file model37.txt (compact mmCIF, C-alpha atoms)
# COMPACT_ATOMS: atom_id res chain seq x y z
CA MET F 1 -29.78 -17.31 -24.02
CA PRO F 2 -26.82 -14.96 -23.96
CA GLU F 3 -27.72 -11.32 -23.72
CA LEU F 4 -26.56 -9.54 -26.82
CA PRO F 5 -25.31 -5.98 -26.68
CA ARG F 6 -27.83 -3.36 -27.67
CA LYS F 7 -27.43 -1.88 -31.11
CA LYS F 8 -26.38 1.74 -31.02
CA VAL F 9 -25.25 4.34 -33.48
CA GLY F 10 -22.07 6.32 -32.83
CA ILE F 11 -22.13 10.04 -33.49
CA ILE F 12 -18.81 11.67 -34.25
CA ALA F 13 -18.81 15.46 -34.21
CA CYS F 14 -15.82 17.44 -35.44
CA SER F 15 -16.36 20.09 -32.71
CA GLY F 16 -14.15 22.46 -34.72
CA GLU F 17 -13.42 25.47 -32.54
CA GLU F 18 -12.64 27.94 -35.29
CA LEU F 19 -16.06 27.96 -37.00
CA PRO F 20 -19.62 28.33 -35.70
CA GLU F 21 -20.43 25.22 -37.73
CA GLY F 22 -18.02 23.23 -35.53
CA THR F 23 -19.93 24.29 -32.45
CA ILE F 24 -23.14 23.34 -34.26
CA THR F 25 -21.90 19.77 -34.79
CA ARG F 26 -21.07 19.49 -31.11
CA LEU F 27 -24.40 20.82 -29.86
CA ALA F 28 -26.39 18.78 -32.39
CA ALA F 29 -24.59 15.57 -31.38
CA LEU F 30 -25.29 16.28 -27.71
CA LYS F 31 -28.92 17.11 -28.41
CA VAL F 32 -29.43 13.76 -30.13
CA LEU F 33 -27.55 11.93 -27.37
CA HIS F 34 -29.27 13.57 -24.42
CA GLN F 35 -32.72 14.45 -25.72
CA MET F 36 -33.75 12.86 -29.00
CA SER F 37 -32.30 9.33 -29.08
CA PRO F 38 -30.60 8.68 -25.74
CA GLU F 39 -31.23 4.92 -25.88
CA ASP F 40 -29.94 4.47 -29.39
CA THR F 41 -26.83 6.59 -29.58
CA VAL F 42 -23.39 7.12 -28.15
CA THR F 43 -21.01 9.94 -28.90
CA ILE F 44 -17.48 9.14 -29.94
CA CYS F 45 -14.82 11.52 -28.66
CA LEU F 46 -12.96 12.54 -31.82
CA PRO F 47 -9.71 13.61 -30.08
CA LEU F 48 -9.55 10.28 -28.24
CA PHE F 49 -10.43 8.43 -31.42
CA LEU F 50 -7.65 10.18 -33.33
CA ALA F 51 -5.17 9.75 -30.49
CA GLY F 52 -5.62 5.99 -30.61
CA GLY F 53 -8.57 5.19 -28.32
CA GLU F 54 -9.05 1.52 -29.12
CA GLY F 55 -12.51 1.30 -27.53
CA ASP F 56 -13.89 4.02 -29.75
CA ARG F 57 -12.13 2.71 -32.84
CA ASN F 58 -13.48 -0.79 -32.25
CA PHE F 59 -16.98 0.57 -31.80
CA ALA F 60 -16.80 2.34 -35.14
CA ARG F 61 -15.42 -0.82 -36.72
CA PHE F 62 -18.47 -2.89 -35.84
CA TYR F 63 -21.30 -0.41 -35.32
CA PRO F 64 -22.67 2.23 -37.68
CA THR F 65 -21.51 5.79 -37.16
CA ILE F 66 -22.68 9.20 -38.33
CA ALA F 67 -20.00 11.82 -38.96
CA LEU F 68 -20.97 15.43 -38.28
CA ASP F 69 -18.61 17.88 -39.89
CA GLY F 70 -18.70 21.63 -39.75
CA CYS F 71 -16.93 22.27 -43.04
CA GLU F 72 -15.88 20.62 -46.27
CA LYS F 73 -12.58 19.48 -44.77
CA GLN F 74 -14.60 16.71 -43.09
CA CYS F 75 -12.16 15.86 -40.33
CA ALA F 76 -14.65 13.62 -38.51
CA PHE F 77 -15.56 11.65 -41.61
CA ARG F 78 -11.97 11.30 -42.83
CA GLY F 79 -10.64 10.50 -39.37
CA THR F 80 -13.23 7.79 -38.78
CA LYS F 81 -12.61 6.27 -42.18
CA LYS F 82 -8.85 6.39 -41.79
CA TYR F 83 -8.60 4.89 -38.33
CA SER F 84 -11.59 2.60 -38.20
CA ASN F 85 -14.37 2.26 -40.72
CA ARG F 86 -16.27 4.40 -43.16
CA PRO F 87 -19.17 6.19 -41.43
CA ALA F 88 -22.59 4.91 -42.43
CA ALA F 89 -23.83 8.45 -42.96
CA ALA F 90 -22.42 11.95 -42.94
CA ILE F 91 -23.56 15.55 -42.64
CA VAL F 92 -21.55 18.62 -43.60
CA VAL F 93 -23.12 21.60 -41.85
CA THR F 94 -21.97 24.23 -44.37
CA ASP F 95 -23.59 22.22 -47.17
CA LEU F 96 -26.76 21.74 -45.16
CA ILE F 97 -27.01 25.49 -44.54
CA ALA F 98 -26.47 26.23 -48.22
CA GLN F 99 -29.04 23.64 -49.29
CA SER F 100 -31.63 24.75 -46.78
CA GLY F 101 -31.17 28.45 -47.44
CA LEU F 102 -30.83 29.09 -43.72
CA GLU F 103 -29.26 32.22 -42.30
CA GLN F 104 -25.49 32.08 -41.74
CA PRO F 105 -24.70 31.22 -38.09
CA HIS F 106 -22.39 33.36 -35.96
CA GLY F 107 -20.53 32.85 -32.69
CA CYS F 108 -18.14 29.97 -32.12
CA ARG F 109 -18.29 30.25 -28.35
CA LYS F 110 -21.96 31.11 -28.05
CA LEU F 111 -24.14 30.52 -31.08
CA ASP F 112 -26.67 33.12 -32.18
CA SER F 113 -30.31 32.26 -32.89
CA ALA F 114 -29.52 31.36 -36.51
CA GLY F 115 -26.90 28.92 -35.23
CA MET F 116 -29.35 27.36 -32.80
CA MET F 117 -31.82 26.85 -35.65
CA VAL F 118 -29.17 24.96 -37.58
CA VAL F 119 -28.43 22.87 -34.46
CA GLU F 120 -32.11 21.89 -34.41
CA LEU F 121 -32.09 21.00 -38.10
CA VAL F 122 -28.89 18.96 -37.88
CA ALA F 123 -30.15 17.16 -34.77
CA GLN F 124 -33.40 16.24 -36.53
CA GLU F 125 -31.47 14.93 -39.53
CA VAL F 126 -29.22 12.87 -37.29
CA ALA F 127 -32.11 11.47 -35.24
CA SER F 128 -33.84 10.47 -38.45
CA MET F 129 -30.65 8.78 -39.71
CA VAL F 130 -30.32 6.95 -36.40
CA GLY F 131 -33.85 5.61 -36.77
CA GLU F 132 -33.14 4.44 -40.29
CA LEU F 133 -29.87 2.81 -39.35
CA LEU F 134 -31.28 0.93 -36.41
CA LYS F 135 -34.40 -0.25 -38.19
CA LYS F 136 -36.56 0.07 -35.14
CA GLY F 137 -38.19 -3.20 -34.23
CA GLY F 138 -35.67 -5.26 -36.19
CA GLY F 139 -33.85 -6.30 -33.03
CA GLY F 140 -30.72 -8.34 -32.53
CA ILE F 141 -27.09 -7.72 -33.17
CA ALA F 142 -27.41 -9.33 -36.58
CA TRP F 143 -28.49 -6.38 -38.59
CA GLY F 144 -30.74 -8.18 -40.99
CA LYS F 145 -31.21 -6.54 -44.33
CA PRO F 146 -30.81 -2.84 -43.91
CA ARG F 147 -32.73 -0.43 -46.07
CA PRO F 148 -30.47 2.28 -47.41
CA ILE F 149 -31.09 5.83 -46.35
CA ILE F 150 -31.89 7.81 -49.44
CA PRO F 151 -31.06 11.46 -49.02
CA LYS F 152 -33.43 14.01 -50.48
CA TRP F 153 -32.74 14.69 -54.13
CA PRO F 154 -32.00 18.41 -54.42
CA GLY F 155 -34.46 18.70 -57.31
CA ARG F 156 -34.27 19.66 -60.96
CA ALA F 157 -34.48 23.34 -60.18
CA ALA F 158 -31.21 23.06 -58.30
CA ILE F 159 -29.27 22.00 -61.41
CA GLY F 160 -27.90 24.82 -63.49
CA ASP F 161 -25.10 26.57 -61.73
CA ILE F 162 -21.86 25.48 -60.10
CA SER F 163 -23.10 25.70 -56.52
CA SER F 164 -26.00 23.43 -57.42
CA TRP F 165 -23.68 20.92 -58.98
CA GLU F 166 -21.94 20.99 -55.66
CA THR F 167 -25.28 20.05 -54.13
CA VAL F 168 -25.59 17.16 -56.56
CA ARG F 169 -22.07 16.05 -55.72
CA THR F 170 -22.97 16.11 -52.04
CA TRP F 171 -26.07 14.05 -52.72
CA ILE F 172 -24.06 11.47 -54.61
CA PHE F 173 -21.43 11.53 -51.88
CA GLN F 174 -24.12 10.79 -49.32
CA LEU F 175 -25.15 7.71 -51.25
CA ARG F 176 -21.69 6.14 -50.98
CA PRO F 177 -21.70 5.43 -47.25
CA MET F 178 -25.05 3.68 -47.71
CA HIS F 179 -23.45 1.31 -50.11
CA ARG F 180 -21.05 0.58 -47.30
CA VAL F 181 -23.93 -0.10 -44.91
CA MET F 182 -25.32 -2.60 -47.39
CA GLN F 183 -21.92 -4.25 -47.71
CA VAL F 184 -21.11 -4.49 -44.05
CA TYR F 185 -24.40 -5.65 -42.73
CA MET B 1 16.81 43.24 -31.52
CA SER B 2 13.73 42.04 -33.27
CA SER B 3 10.61 41.73 -31.20
CA ILE B 4 8.85 39.70 -33.86
CA VAL B 5 8.02 36.35 -32.31
CA LYS B 6 5.36 33.81 -33.12
CA LYS B 7 1.99 33.63 -31.47
CA ILE B 8 1.45 30.88 -28.97
CA ALA B 9 -0.81 28.10 -30.23
CA ILE B 10 -3.61 27.21 -27.83
CA VAL B 11 -4.86 23.67 -28.41
CA PRO B 12 -7.83 22.45 -26.36
CA CYS B 13 -9.00 18.85 -26.59
CA SER B 14 -12.71 19.82 -26.76
CA GLY B 15 -13.63 16.28 -25.69
CA ILE B 16 -17.33 15.60 -25.92
CA GLY B 17 -17.80 12.93 -23.27
CA LYS B 18 -17.48 14.95 -20.07
CA PRO B 19 -17.90 18.56 -18.87
CA TYR B 20 -14.11 18.84 -18.57
CA GLY B 21 -13.80 18.76 -22.37
CA THR B 22 -16.12 21.74 -22.58
CA VAL B 23 -14.13 23.48 -19.85
CA SER B 24 -10.99 23.10 -21.99
CA ARG B 25 -12.84 24.59 -24.95
CA ILE B 26 -14.28 27.57 -23.05
CA ALA B 27 -10.93 28.31 -21.40
CA ALA B 28 -9.28 28.31 -24.84
CA TYR B 29 -11.87 30.74 -26.17
CA GLN B 30 -11.39 33.02 -23.16
CA VAL B 31 -7.62 33.15 -23.66
CA THR B 32 -7.66 33.58 -27.44
CA GLU B 33 -10.66 35.91 -27.72
CA ASP B 34 -10.78 37.89 -24.47
CA ASP B 35 -7.57 37.75 -22.46
CA ARG B 36 -4.61 37.44 -24.86
CA PRO B 37 -5.91 37.68 -28.45
CA GLU B 38 -2.75 39.39 -29.70
CA GLN B 39 -0.40 36.77 -28.34
CA THR B 40 -2.28 33.58 -29.08
CA LYS B 41 -3.87 31.56 -31.84
CA LEU B 42 -6.57 28.92 -31.35
CA VAL B 43 -5.71 25.66 -33.11
CA PRO B 44 -8.45 23.07 -33.73
CA LEU B 45 -7.08 19.67 -32.82
CA ALA B 46 -9.01 17.59 -35.35
CA LEU B 47 -7.99 19.83 -38.22
CA LEU B 48 -4.36 19.68 -37.12
CA VAL B 49 -4.34 15.90 -36.83
CA MET B 50 -6.03 15.47 -40.20
CA GLY B 51 -3.17 17.28 -41.86
CA ASP B 52 -4.35 20.85 -42.39
CA GLU B 53 -1.40 22.75 -43.85
CA GLU B 54 -2.07 26.10 -42.21
CA TYR B 55 -2.39 24.75 -38.70
CA GLY B 56 0.43 22.28 -39.29
CA ARG B 57 2.69 25.20 -40.09
CA ILE B 58 1.54 27.13 -37.01
CA ILE B 59 2.27 24.15 -34.78
CA ALA B 60 5.64 23.55 -36.40
CA GLU B 61 6.73 27.17 -35.96
CA SER B 62 5.08 28.24 -32.71
CA PRO B 63 5.21 27.13 -29.11
CA ALA B 64 2.00 25.45 -27.99
CA ILE B 65 -0.04 25.29 -24.83
CA THR B 66 -2.29 22.26 -24.72
CA ILE B 67 -5.44 21.95 -22.63
CA ASP B 68 -6.53 18.41 -21.83
CA GLY B 69 -9.86 17.43 -20.32
CA CYS B 70 -8.97 13.91 -19.20
CA PRO B 71 -5.94 11.79 -18.28
CA GLN B 72 -5.64 10.52 -21.85
CA CYS B 73 -4.00 13.87 -22.72
CA CYS B 74 -5.07 13.67 -26.36
CA ALA B 75 -4.25 17.30 -27.16
CA THR B 76 -0.70 17.02 -25.82
CA LYS B 77 -0.06 13.68 -27.50
CA MET B 78 -1.36 14.84 -30.86
CA VAL B 79 0.51 18.14 -30.88
CA GLN B 80 3.74 16.31 -30.07
CA GLN B 81 2.98 13.74 -32.74
CA CYS B 82 2.48 16.57 -35.25
CA GLY B 83 5.94 17.90 -34.43
CA GLY B 84 4.87 20.72 -32.13
CA THR B 85 6.68 22.05 -29.10
CA VAL B 86 4.47 21.93 -26.05
CA ILE B 87 5.63 24.55 -23.58
CA ARG B 88 2.90 23.83 -21.06
CA GLU B 89 0.46 20.93 -20.69
CA CYS B 90 -2.57 22.31 -18.91
CA SER B 91 -4.97 19.85 -17.38
CA VAL B 92 -8.54 20.66 -16.49
CA LEU B 93 -8.38 17.96 -13.83
CA GLY B 94 -5.33 19.63 -12.30
CA THR B 95 -7.13 22.95 -12.07
CA ALA B 96 -10.22 21.19 -10.72
CA ARG B 97 -8.10 19.67 -7.95
CA SER B 98 -7.02 23.17 -6.94
CA HIS B 99 -10.66 24.30 -6.92
CA ARG B 100 -12.44 21.43 -5.24
CA GLU B 101 -15.36 23.66 -4.38
CA LEU B 102 -16.27 23.86 -8.07
CA LYS B 103 -18.47 21.08 -9.47
CA PRO B 104 -18.70 21.54 -13.22
CA GLN B 105 -21.71 20.03 -14.93
CA GLY B 106 -23.17 20.13 -18.42
CA ILE B 107 -21.43 19.38 -21.70
CA ALA B 108 -23.51 21.36 -24.18
CA GLU B 109 -23.69 24.23 -21.72
CA LEU B 110 -21.60 24.49 -18.59
CA ASN B 111 -23.13 25.37 -15.26
CA GLU B 112 -21.80 28.31 -13.27
CA ASP B 113 -19.12 26.21 -11.58
CA GLY B 114 -17.97 24.99 -14.97
CA GLU B 115 -17.66 28.57 -16.23
CA LYS B 116 -15.70 29.49 -13.09
CA LEU B 117 -13.37 26.55 -13.57
CA ALA B 118 -12.81 27.57 -17.20
CA ASN B 119 -12.05 31.09 -16.02
CA ALA B 120 -9.56 29.82 -13.43
CA LEU B 121 -7.86 27.67 -16.05
CA ALA B 122 -7.74 30.57 -18.50
CA GLN B 123 -6.03 32.70 -15.87
CA GLU B 124 -3.40 30.01 -15.33
CA ILE B 125 -2.77 29.98 -19.06
CA ASP B 126 -2.60 33.79 -19.15
CA THR B 127 0.18 33.62 -16.57
CA VAL B 128 2.14 31.16 -18.71
CA ILE B 129 1.68 33.38 -21.76
CA ASP B 130 2.84 36.45 -19.87
CA ALA B 131 5.93 34.60 -18.68
CA CYS B 132 6.70 33.46 -22.23
CA THR B 133 6.18 36.93 -23.60
CA ALA B 134 8.49 38.38 -20.98
CA SER B 135 11.18 35.82 -21.76
CA GLY B 136 10.79 36.28 -25.52
CA ASN B 137 9.74 32.70 -26.16
CA GLY B 138 6.60 33.60 -28.01
CA GLY B 139 3.40 35.45 -27.59
CA GLY B 140 4.14 38.44 -29.78
CA HIS B 141 2.88 39.41 -33.18
CA ALA B 142 3.47 36.89 -35.88
call {"tool": "encode", "arguments": {"input": "model37.txt", "output": "structure tokens"}}
result
Amino acid sequence: MPELPRKKVGIIACSGEELPEGTITRLAALKVLHQMSPEDTVTICLPLFLAGGEGDRNFARFYPTIALDGCEKQCAFRGTKKYSNRPAAAIVVTDLIAQSGLEQPHGCRKLDSAGMMVVELVAQEVASMVGELLKKGGGGIAWGKPRPIIPKWPGRAAIGDISSWETVRTWIFQLRPMHRVMQVY
Amino acid sequence: MSSIVKKIAIVPCSGIGKPYGTVSRIAAYQVTEDDRPEQTKLVPLALLVMGDEEYGRIIAESPAITIDGCPQCCATKMVQQCGGTVIRECSVLGTARSHRELKPQGIAELNEDGEKLANALAQEIDTVIDACTASGNGGGHA
């Protein structure tokens, strides 16, 4: 029997230098890669990906990816979609902070304690997405019938003002990549 | 004669696969935040490549120093592709060759050798900035 390559999920962090949230994406991606799901993940180097790295682009074409973006400009998500394939899931750190009511992080070079808390939260979210995407125990390169990841509904209480509608928009936006997962696999 | 010249754009690759990417990032922070904040401006590569207007304008109008963490030279390639003028291509590997005693490790957090290498690289960049400022090719107040 030929040995099939192991299924892995690619994590693409924006690593934006100008915002603490960019540093958060970087540290969260590395935490998942090195500590939480080392067997199931790879990181994709965004600069190399954007500069034309065929290996990374091919990976994202055939394997699921999670885009971690620091801000609403979503460079990692848009870059992955433009040059390869739509990410299977996405996190925007500024939205996550707003939704979770966490303290605003500070320090691009060295994150403060609030920033490190967000790193933890983002890493947990990503690790959970990785588990969902890989369908532990499913096995094989043929992905079978994936179950979509349903993000948490922000709740009725959240509806009422513009910022909450933004939350709803984000929730709906998160559903779209899942549709892609269903289509591809 | 006017002394108003553009700031120098500092563009690190911030690659995530090896410690050298982090060295490029830390060196860029040191130059733009500690050593030469008045003469430089940090430009995030991903934002630039994805078409951000503000950073696109900065790159179009200002000289750039790129900092690459691997031989792929992504930062240099992308700045040139975006129409920027690269006045110096700095390579972490080049600096590492001049400091063979330093063994950088850690991507999320650099070890002491990594921090020293970033410091050495930042000093090289400072020298380039000082030379540019002296010759009037950039590095003043925008």
call {"tool": "closest_residue", "arguments": {"input": "model37.txt", "among": "B:Cys82, B:Leu102, B:Cys90, B:Ile107", "to": "chain F", "atoms": "only C-alpha atoms"}}
result
B:Ile107
call {"tool": "atom_distance", "arguments": {"input": "model37.txt", "atom1": "atom CA of Gly69 of chain B", "atom2": "atom CA of Cys75 of chain F"}}
result
20.2 Å
call {"tool": "interface_residues", "arguments": {"input": "model37.txt", "of": "chain B", "to": "chain F", "cutoff": "9 Å", "atoms": "all atoms listed in the file", "output": "list in words"}}
result
Pro12, Cys13, Ser14, Gly15, Ile16, Gly17, Arg25, Ile26, Tyr29, Leu42, Val43, Pro44, Leu45, Ala46, Leu47, Val49, Met50, Asp52, Gln72, Cys73, Cys74, Ala75, Lys77, Met78, Ile107, Ala108 and Glu109 of chain B
call {"tool": "residues_around", "arguments": {"input": "model37.txt", "residues": "Phe59 of chain F", "least_positions_apart": "6", "cutoff": "10 Å", "atoms": "all atoms listed in the file", "output": "list of chain:residue names"}}
result
F:Lys8, F:Val9, F:Gly10, F:Val42, F:Ile44, F:Thr65, F:Ser84, F:Asn85
call {"tool": "atom_distance", "arguments": {"input": "model37.txt", "atom1": "atom CA of Ala88 of chain F", "atom2": "atom CA of Ile66 of chain F"}}
result
5.9 Å
call {"tool": "axis_aligned_box", "arguments": {"input": "model37.txt", "around": "segment 59-62 of chain B", "padding_each_side": "6 Å", "output": "lines of an AutoDock Vina configuration file"}}
result
center_x = 4.5
center_y = 25.9
center_z = -34.6
size_x = 16.5
size_y = 16.7
size_z = 15.7
call {"tool": "residues_around", "arguments": {"input": "model37.txt", "residues": "Lys116 of chain B", "least_positions_apart": "4", "cutoff": "10 Å", "atoms": "all atoms listed in the file", "output": "PDB file with C-alpha atoms, in the frame of the given file"}}
result
ATOM      1  CA  VAL B  23     -14.130  23.480 -19.850  1.00  0.00           C
ATOM      2  CA  ALA B  27     -10.930  28.310 -21.400  1.00  0.00           C
ATOM      3  CA  HIS B  99     -10.660  24.300  -6.920  1.00  0.00           C
ATOM      4  CA  LEU B 102     -16.270  23.860  -8.070  1.00  0.00           C
ATOM      5  CA  LYS B 103     -18.470  21.080  -9.470  1.00  0.00           C
ATOM      6  CA  PRO B 104     -18.700  21.540 -13.220  1.00  0.00           C
ATOM      7  CA  LEU B 110     -21.600  24.490 -18.590  1.00  0.00           C
ATOM      8  CA  ASN B 111     -23.130  25.370 -15.260  1.00  0.00           C
ATOM      9  CA  GLU B 112     -21.800  28.310 -13.270  1.00  0.00           C
ATOM     10  CA  ALA B 120      -9.560  29.820 -13.430  1.00  0.00           C
ATOM     11  CA  LEU B 121      -7.860  27.670 -16.050  1.00  0.00           C
ATOM     12  CA  ALA B 122      -7.740  30.570 -18.500  1.00  0.00           C
TER      13      ALA B 122
END
call {"tool": "decode", "arguments": {"input": "model37.txt", "residues": "segment 29-111 of chain B", "atoms": "C-alpha atoms", "output": "PDB file, in the first residue's frame"}}
result
ATOM      1  CA  TYR B  29      11.824  47.481  15.502  1.00  0.00           C
ATOM      2  CA  GLN B  30      15.161  48.515  16.991  1.00  0.00           C
ATOM      3  CA  VAL B  31      15.933  50.842  14.089  1.00  0.00           C
ATOM      4  CA  THR B  32      12.468  52.393  13.805  1.00  0.00           C
ATOM      5  CA  GLU B  33      11.639  52.631  17.510  1.00  0.00           C
ATOM      6  CA  ASP B  34      14.957  53.022  19.334  1.00  0.00           C
ATOM      7  CA  ASP B  35      17.841  54.017  17.071  1.00  0.00           C
ATOM      8  CA  ARG B  36      16.493  56.189  14.226  1.00  0.00           C
ATOM      9  CA  PRO B  37      12.773  56.842  14.823  1.00  0.00           C
ATOM     10  CA  GLU B  38      12.911  60.297  13.246  1.00  0.00           C
ATOM     11  CA  GLN B  39      14.493  59.133  10.028  1.00  0.00           C
ATOM     12  CA  THR B  40      12.663  55.880   9.400  1.00  0.00           C
ATOM     13  CA  LYS B  41       9.241  54.358   8.951  1.00  0.00           C
ATOM     14  CA  LEU B  42       8.386  50.689   9.485  1.00  0.00           C
ATOM     15  CA  VAL B  43       6.472  49.234   6.535  1.00  0.00           C
ATOM     16  CA  PRO B  44       4.587  45.938   6.958  1.00  0.00           C
ATOM     17  CA  LEU B  45       5.300  43.781   3.941  1.00  0.00           C
ATOM     18  CA  ALA B  46       1.966  41.950   3.759  1.00  0.00           C
ATOM     19  CA  LEU B  47       0.002  45.177   3.910  1.00  0.00           C
ATOM     20  CA  LEU B  48       2.165  46.687   1.186  1.00  0.00           C
ATOM     21  CA  VAL B  49       1.802  43.703  -1.112  1.00  0.00           C
ATOM     22  CA  MET B  50      -1.948  43.543  -0.603  1.00  0.00           C
ATOM     23  CA  GLY B  51      -2.277  47.051  -1.943  1.00  0.00           C
ATOM     24  CA  ASP B  52      -2.549  49.317   1.085  1.00  0.00           C
ATOM     25  CA  GLU B  53      -2.640  52.880  -0.250  1.00  0.00           C
ATOM     26  CA  GLU B  54      -0.760  54.555   2.593  1.00  0.00           C
ATOM     27  CA  TYR B  55       2.174  52.183   2.549  1.00  0.00           C
ATOM     28  CA  GLY B  56       2.121  52.027  -1.245  1.00  0.00           C
ATOM     29  CA  ARG B  57       2.592  55.784  -1.308  1.00  0.00           C
ATOM     30  CA  ILE B  58       5.411  55.624   1.239  1.00  0.00           C
ATOM     31  CA  ILE B  59       7.227  53.001  -0.813  1.00  0.00           C
ATOM     32  CA  ALA B  60       6.698  54.926  -4.033  1.00  0.00           C
ATOM     33  CA  GLU B  61       8.066  58.154  -2.569  1.00  0.00           C
ATOM     34  CA  SER B  62      10.750  57.013  -0.139  1.00  0.00           C
ATOM     35  CA  PRO B  63      13.950  55.047  -0.369  1.00  0.00           C
ATOM     36  CA  ALA B  64      13.683  51.628   1.251  1.00  0.00           C
ATOM     37  CA  ILE B  65      15.954  49.348   3.211  1.00  0.00           C
ATOM     38  CA  THR B  66      14.818  45.747   3.096  1.00  0.00           C
ATOM     39  CA  ILE B  67      15.705  43.095   5.656  1.00  0.00           C
ATOM     40  CA  ASP B  68      15.508  39.506   4.437  1.00  0.00           C
ATOM     41  CA  GLY B  69      15.680  36.439   6.636  1.00  0.00           C
ATOM     42  CA  CYS B  70      16.415  33.849   3.952  1.00  0.00           C
ATOM     43  CA  PRO B  71      17.896  33.583   0.451  1.00  0.00           C
ATOM     44  CA  GLN B  72      14.445  33.937  -1.120  1.00  0.00           C
ATOM     45  CA  CYS B  73      14.724  37.701  -0.452  1.00  0.00           C
ATOM     46  CA  CYS B  74      10.953  38.157  -0.309  1.00  0.00           C
ATOM     47  CA  ALA B  75      11.080  41.661   1.172  1.00  0.00           C
ATOM     48  CA  THR B  76      13.425  42.954  -1.535  1.00  0.00           C
ATOM     49  CA  LYS B  77      11.499  41.284  -4.348  1.00  0.00           C
ATOM     50  CA  MET B  78       8.153  42.563  -3.153  1.00  0.00           C
ATOM     51  CA  VAL B  79       9.290  46.135  -2.557  1.00  0.00           C
ATOM     52  CA  GLN B  80      10.768  46.241  -6.059  1.00  0.00           C
ATOM     53  CA  GLN B  81       7.603  44.719  -7.469  1.00  0.00           C
ATOM     54  CA  CYS B  82       5.586  47.442  -5.723  1.00  0.00           C
ATOM     55  CA  GLY B  83       7.678  50.100  -7.446  1.00  0.00           C
ATOM     56  CA  GLY B  84       9.949  50.922  -4.528  1.00  0.00           C
ATOM     57  CA  THR B  85      13.580  51.951  -4.636  1.00  0.00           C
ATOM     58  CA  VAL B  86      15.699  49.641  -2.525  1.00  0.00           C
ATOM     59  CA  ILE B  87      18.813  51.487  -1.430  1.00  0.00           C
ATOM     60  CA  ARG B  88      20.157  48.599   0.624  1.00  0.00           C
ATOM     61  CA  GLU B  89      19.240  44.918   0.773  1.00  0.00           C
ATOM     62  CA  CYS B  90      20.153  43.727   4.236  1.00  0.00           C
ATOM     63  CA  SER B  91      20.396  40.018   4.803  1.00  0.00           C
ATOM     64  CA  VAL B  92      20.216  38.389   8.201  1.00  0.00           C
ATOM     65  CA  LEU B  93      22.289  35.527   6.826  1.00  0.00           C
ATOM     66  CA  GLY B  94      24.978  37.981   5.736  1.00  0.00           C
ATOM     67  CA  THR B  95      25.174  39.480   9.207  1.00  0.00           C
ATOM     68  CA  ALA B  96      25.141  35.986  10.719  1.00  0.00           C
ATOM     69  CA  ARG B  97      28.153  35.071   8.574  1.00  0.00           C
ATOM     70  CA  SER B  98      30.029  38.021  10.055  1.00  0.00           C
ATOM     71  CA  HIS B  99      29.073  36.884  13.561  1.00  0.00           C
ATOM     72  CA  ARG B 100      29.581  33.151  13.421  1.00  0.00           C
ATOM     73  CA  GLU B 101      29.824  32.983  17.190  1.00  0.00           C
ATOM     74  CA  LEU B 102      26.124  33.844  17.444  1.00  0.00           C
ATOM     75  CA  LYS B 103      23.648  30.954  17.208  1.00  0.00           C
ATOM     76  CA  PRO B 104      20.149  32.415  17.083  1.00  0.00           C
ATOM     77  CA  GLN B 105      17.338  30.162  18.222  1.00  0.00           C
ATOM     78  CA  GLY B 106      13.638  30.576  18.867  1.00  0.00           C
ATOM     79  CA  ILE B 107      11.014  32.032  16.551  1.00  0.00           C
ATOM     80  CA  ALA B 108       8.361  33.228  18.998  1.00  0.00           C
ATOM     81  CA  GLU B 109      11.078  34.532  21.290  1.00  0.00           C
ATOM     82  CA  LEU B 110      14.712  34.846  20.317  1.00  0.00           C
ATOM     83  CA  ASN B 111      17.477  33.594  22.562  1.00  0.00           C
TER      84      ASN B 111
END
